[in-house]
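Enquirer: One structure coming up, written as structure tokens, with questions to follow.
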Amino acid sequence: MACGTESRTAPIHTDLMKHTDSTTDTAIFGAGCFWCTEAQFEMLEGVIDVKPGYAGGHTDNPSYKEVCTGLTGHAEVAQIIFDPSRISYDELLEAFWLAHDPTQLNRQGNDIGTQYRSVIFYTNEEQRQLAETYKDRLNKEKVYQSPIVTTIEPLSKFWPAESYHEDYYRNNPDQGYCRLVIQPKVEKFKKVFKNKLNNKEK
């Protein structure tokens, strides 16, 4: 994704959104460009909402332009709100590993920089254990030719991205990056998870 020069006009300062509804849970994944990650995960049955944003950095309320410099330490991530009775965190992890190449360090394809790193931000101990176990199993079984470089880190803050990033692929299907990069990933994702798509995608 080509980093733009836009900055947010109204700052958004928020911690990880705490959901009082006990029927939902939250996953935070960094899998390269968050436009791609959002477009993939919002297709899954049981996923209620996906929001692009930033996590893992050392500055507050970063803008897209600042994150693109690679100097804030943030990764582009997707905040995934899901219903555990319809899709499990383990199933989301399965989708995460297949949604990108977890063996590429600080890049995904031509998107290069620490902001595109492969990372799982866990929100509780159970998520950490599930992520570590899954990663270890994939490495031991040599599912990928190279070792997985995905980091598994505790979430401190999730910063929502500027509003124009939301539903970017859906709102800009003819944009060059969307056609050439996101669309092939979305089509592949749909084929792999055809039995787990929500009704809108079937």
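Chain labels A, B, ... are given in the sequence in which chains occur in the structure tokens; within each chain residues are numbered consecutively from 1, and ligands are likewise numbered from 1 in the order shown.
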Excluding A:His74 and residues on its chain fewer than 6 positions from it, collect all residues at most 12 Å away from it, counting only C-alpha atoms, and give them as number ranges by chain.

Expert: A: 30, 32, 53-68, 106, 113-119, 121, 155-161

Enquirer: At a cut-off of 8 Å, using only C-alpha atoms, what residues contact A:Phe34? Leave out same-chain residues fewer than 4 positions from it and give the result as an NGL selection string.

Expert: :A and (30 or 38 or 52-53 or 76-78)

Enquirer: Have a look at A:Asn172, A:Tyr144, A:Ala99, A:Met43 and name the one nearest to A:Asn195; count only C-alpha atoms.

Expert: A:Met43

Enquirer: Find the residue from A:Lys51, A:Lys188, A:Lys135, A:Arg86 that sits nearest to A:Thr24; use only C-alpha atoms when measuring.

Expert: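 For A:Thr24, the nearest of the given residues is A:Arg86.
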
Enquirer: Rounded to one decimal place, report the atom CA of A:Asp167-atom CA of A:Tyr89 distance in Å.

Expert: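 Atom CA of A:Asp167 sits 22.4 Å away from atom CA of A:Tyr89.
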
Enquirer: Find the residue from A:Gln129, A:Lys200, A:His100, A:Phe29 that sits nearest to A:Val181; use only C-alpha atoms when measuring.

Expert: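 For A:Val181, the nearest of the candidates is A:His100.
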
Enquirer: Write down as a VMD selection string the residues belonging to stretch 5-171 of chain A that are assigned helix (DSSP H, G or I) by DSSP computed on the backbone.

Expert: chain A and resid 34 to 41 64 to 68 89 to 99 114 to 116 125 to 140 163 to 165 168 to 171

Enquirer: For a test of reading the model, state the distance in Å between atom CA of A:Ile28 and atom CA of A:Gln79, rounded to one decimal.

Expert: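 For atom CA of A:Ile28 relative to atom CA of A:Gln79, the distance reads 4.7 Å.
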